[in-house]
Each structure stands twice: as C-alpha cells, then as structure tokens.
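> I'd like to ask you about the structure that follows.
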Amino acid sequence: MPKLRRRTGTATSPVERNFFRPGRTVKRYRLKSLISRFLVTVVVYATVFITPLASVSLAQTGNPVTVGTSAGASILNDGELLLQGRHGLNALYDMRYEEADSIFVGIEERFAGHPVGPFLRALVVWWRILPNLEMGPTDDDYIFYNAMEHVIELSDALLDQHSDDFDAMFFKAAALGFRGRQRSNRREWLAAAVDGRKTLDYIFKIAEADTSNADFQFGRGVYDYFASVIPEKYPVVRPMMLFFPDADRDRGLKNLAFTASEGDFIRTEAAYFLLQIYLVYEPNFEKARTYAEWLRSSYPGNAYFHVLEGRVYARWSLWDATVLIFEDVVERYEEGKTGYNNLLVSQALYYLGRYDMLRGRMNDAFVRFDRILELGESIPTDTYFKVHATLRSGMILDQRDERALALEHYKKVLAMDERGNSRDRAKQYRKTPYRSE
C-alpha cells in the first residue's frame, strides 16, 4: 500500500444540565446528550436547514433592489434572482469554495444592507468547518460567528422598519439556527439552546407563509420529525414536550420528502437529512442509498457526501461497493483533493481495515489501523475511528500472540473517550485474548 501523506484538517456535537429530579439513573453526560438532541437538533436544526433557500433566492442579475420588504413582498419570490444563487450553492455543495464566494460577493454588493450577502458568505465558512468539526475550534469559528452576528444585526434593522418583514425573519432565524448548531458542536449547550428557542416562532411563520412552497416546509418537517422521534427514543426528555408545539412524525417525513423532490434550493439539505434519518434513526438501505447516490451524483466533488455514501454500504455490510468507494476516497486524499482531510480518510481506512480483517488479511488491516493512529496525531479529539482503530490493532496483536502489546492497546482504549462499546470490549479482551471466529 502506498504511504499516505500527512495533511492537516480543520473541528463534534451534542446540551445542558440535569434538571430532572434526583434518583434518576441516567449519567450526567447522557442527559447532556439527550437534552442536546432535543433542544439543539429539534429546534436549531429545524432552522439550520431552511436557510439555503434564503441564500440563493436573492441572487439578482438586474439593478440593485431597495432592501426592506413586507411579509407579502419578499424578494425571495423574484424569479430573476434564482439563477445566480443556484450556481453559487451548487459550487458550494461541490466544495468549490472560491467560486461560490465570488458569486456571493456579487450578491452582497448588489444587495448592500440586506442580510442575504453576509449570510451566503458565512455558508462558505460553514462548509469549510463542517468536514473538520473534530479538529476543534479554529479561526473559521470566529469568522463564522461574526458573520452570523452581522446577519442578525442587518435583519434586526429591517425588522425595526417593518415588524413583519419576511426576509428579515427568514434570515434572522437562519443565522440563529446556524449559530446555535455550531455552539452545540462546541459544547456551548446553554447558548445553543437559547439560540434554538428563539427560532421557533420564525420557523412556523415561515412555513405558514406559503404551504405550497416545498422549501418553506423543510424547517417544519425537521421539527415535526425530531420532536416526535427523540422523545420516543429517549423517554427521559418527554417532560420537555410540554413547552413545545405538537409534532407529527409522518407529517415531518412527508414534508421532508416533499422538499427533497420538489424544492428549489433546500432540496440538497432535505436529501442529506433524509439520508441521516434512514442511516441512523430508521435504518432503511434502499432509501438511504437513494439519497446518498443522488447527493454523490449531484455534487461529485463533495468529500463529505462521498464518505457518507461509503458508510451506507458499510452499514449493511455490502463490502464490494464499500471497498470501491473508500479506495476512491483514499486515492483522492493522496491527490490532495479539496475536502479529503485526515478525518475523512481515517473513516475510509477504518472500513477498509475492517474488511481486511473479515478476509483474514490481518497484516493489511493492521497497517491501515496504524495509519489512522498516525493521522490521529493531528486530531485533538478521540474520534470513533481513532478509538476503534486502537482497539482493533490490539485485537490483531492478540491474533499474533503478541499479548503484551495487545494489552497496551486495550489500556489506551480505556484511557480514551468512550465511543460505542469501546471500553466494554477493551475490558473483555484484557480478560480474555481476542480470537477471530
């Protein structure tokens, strides 16, 4: 196998306090994660993923427009604005960041004083952050927060002129949603929850503005789904439902599918969200594959979507396709393609190593896992793939009857953050050496 070049990447998610009565047998971290999933995922995500509509809709090619619009006169409805914005978003989702930013700069200049330009340019920063979340905070975090704060300020200025300004409500909700999501990624739970709660009224007003518009229904669809599913999956958060509007899982899925098939600007976000649902929350191979393949064919340069496609096939142990996809990921990483960073290639190497183990190629598997650990030296967090590469390296050493080295690896796993069942397995193999079946 060719030696991987070392390259740097650039930051993980979940909220708040144990407000439940004493005596509950739920770990504090578990409660943080559960409350995070509810307040941040349900509320913040519902806003986060309605935003690209705002992004593109205002890409005007004619004369400058006077900012400030009433609820019935949103420039989001201007057909002349659509084409340039669509080009910008397509470039952004394909990780052609400079091209996207240059388009969005033109929009910002044409719509001086309107939040659309600063918001769109902040999305470019967001997509630089997203594939690198586990690298921890970088300068891009501060650039992103400042940009979204500027969007909020511009939106507030419009709302001071017209309290029912639709564009201002839309972009303020979008900025709060994205900022809240990133705050949750950085474990700033309370601040994320506050941002998320502020978005709710805007979400429903936007959805009710035009029920026939597939893009406008996306935020409500996300809310309906997660506000229904998360309390069922984690009953401990059910008391919180008293403070939130009623939700409907089936209606949520219907609206998400509606946006994915009929939306103009949030179609990609809807497809991405449905992929996550059918990969994690309601495993369904055919549906997950459909959305993964659509994302890949639409944005072949997006490394994030590329890895997600591979994980769909790995989830259902379809190894022929898994290997082809992840070998391509590794090759693109070695070529230095945009977005193919240490974090993403570590995922590819992990699944390739698992396949090697299944085929009895323990030496090849060990080399792959060792490379993950080498790449992990530049990653400040204990990712799932770093932890499990350490665990599986120990397992292979047990297979070689190198017990002392295997025990060292299991000890390292126990000192790392728990990922999945990593600690239970490390404890098991410390007691009884691993042997493949």
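How things are named: the first chain in the structure tokens is A, the next is B, and so on; residues count from 1 in each chain; ligands count from 1 in the order shown.
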Which residues, written as a PyMOL selection string, have at least one atom at most 12 Å from A:Leu133, with only C-alpha atoms counted and residues fewer than 2 positions away on the same chain left out?
chain A and resi 9-13+126-131+135-138+140-141+181-187+304+341-344+379-381+383
> A:His306, A:Lys431, A:Lys198, A:Lys205: which is nearest A:Asp164, counting only C-alpha atoms?
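So, comparing all the options, the nearest one is A:Lys205.
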> By how many Å are atom CA of A:Ser393 and atom CA of A:Val413 apart?
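We find that atom CA of A:Ser393 and atom CA of A:Val413 lie 10.6 Å from each other.
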> Tell me which protein, DNA and RNA residues are within 12 Å of stretch 311-314 of chain A, counting only C-alpha atoms, leaving out same-chain ones fewer than 4 positions away, and put them as a count of residues only.
41
> Which residue gives the smallest distance to A:Asn302 among A:Ala214, A:Val367, A:Leu92, A:Ala112, with only C-alpha atoms counted?
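So, comparing all the options, the nearest one is A:Leu92.
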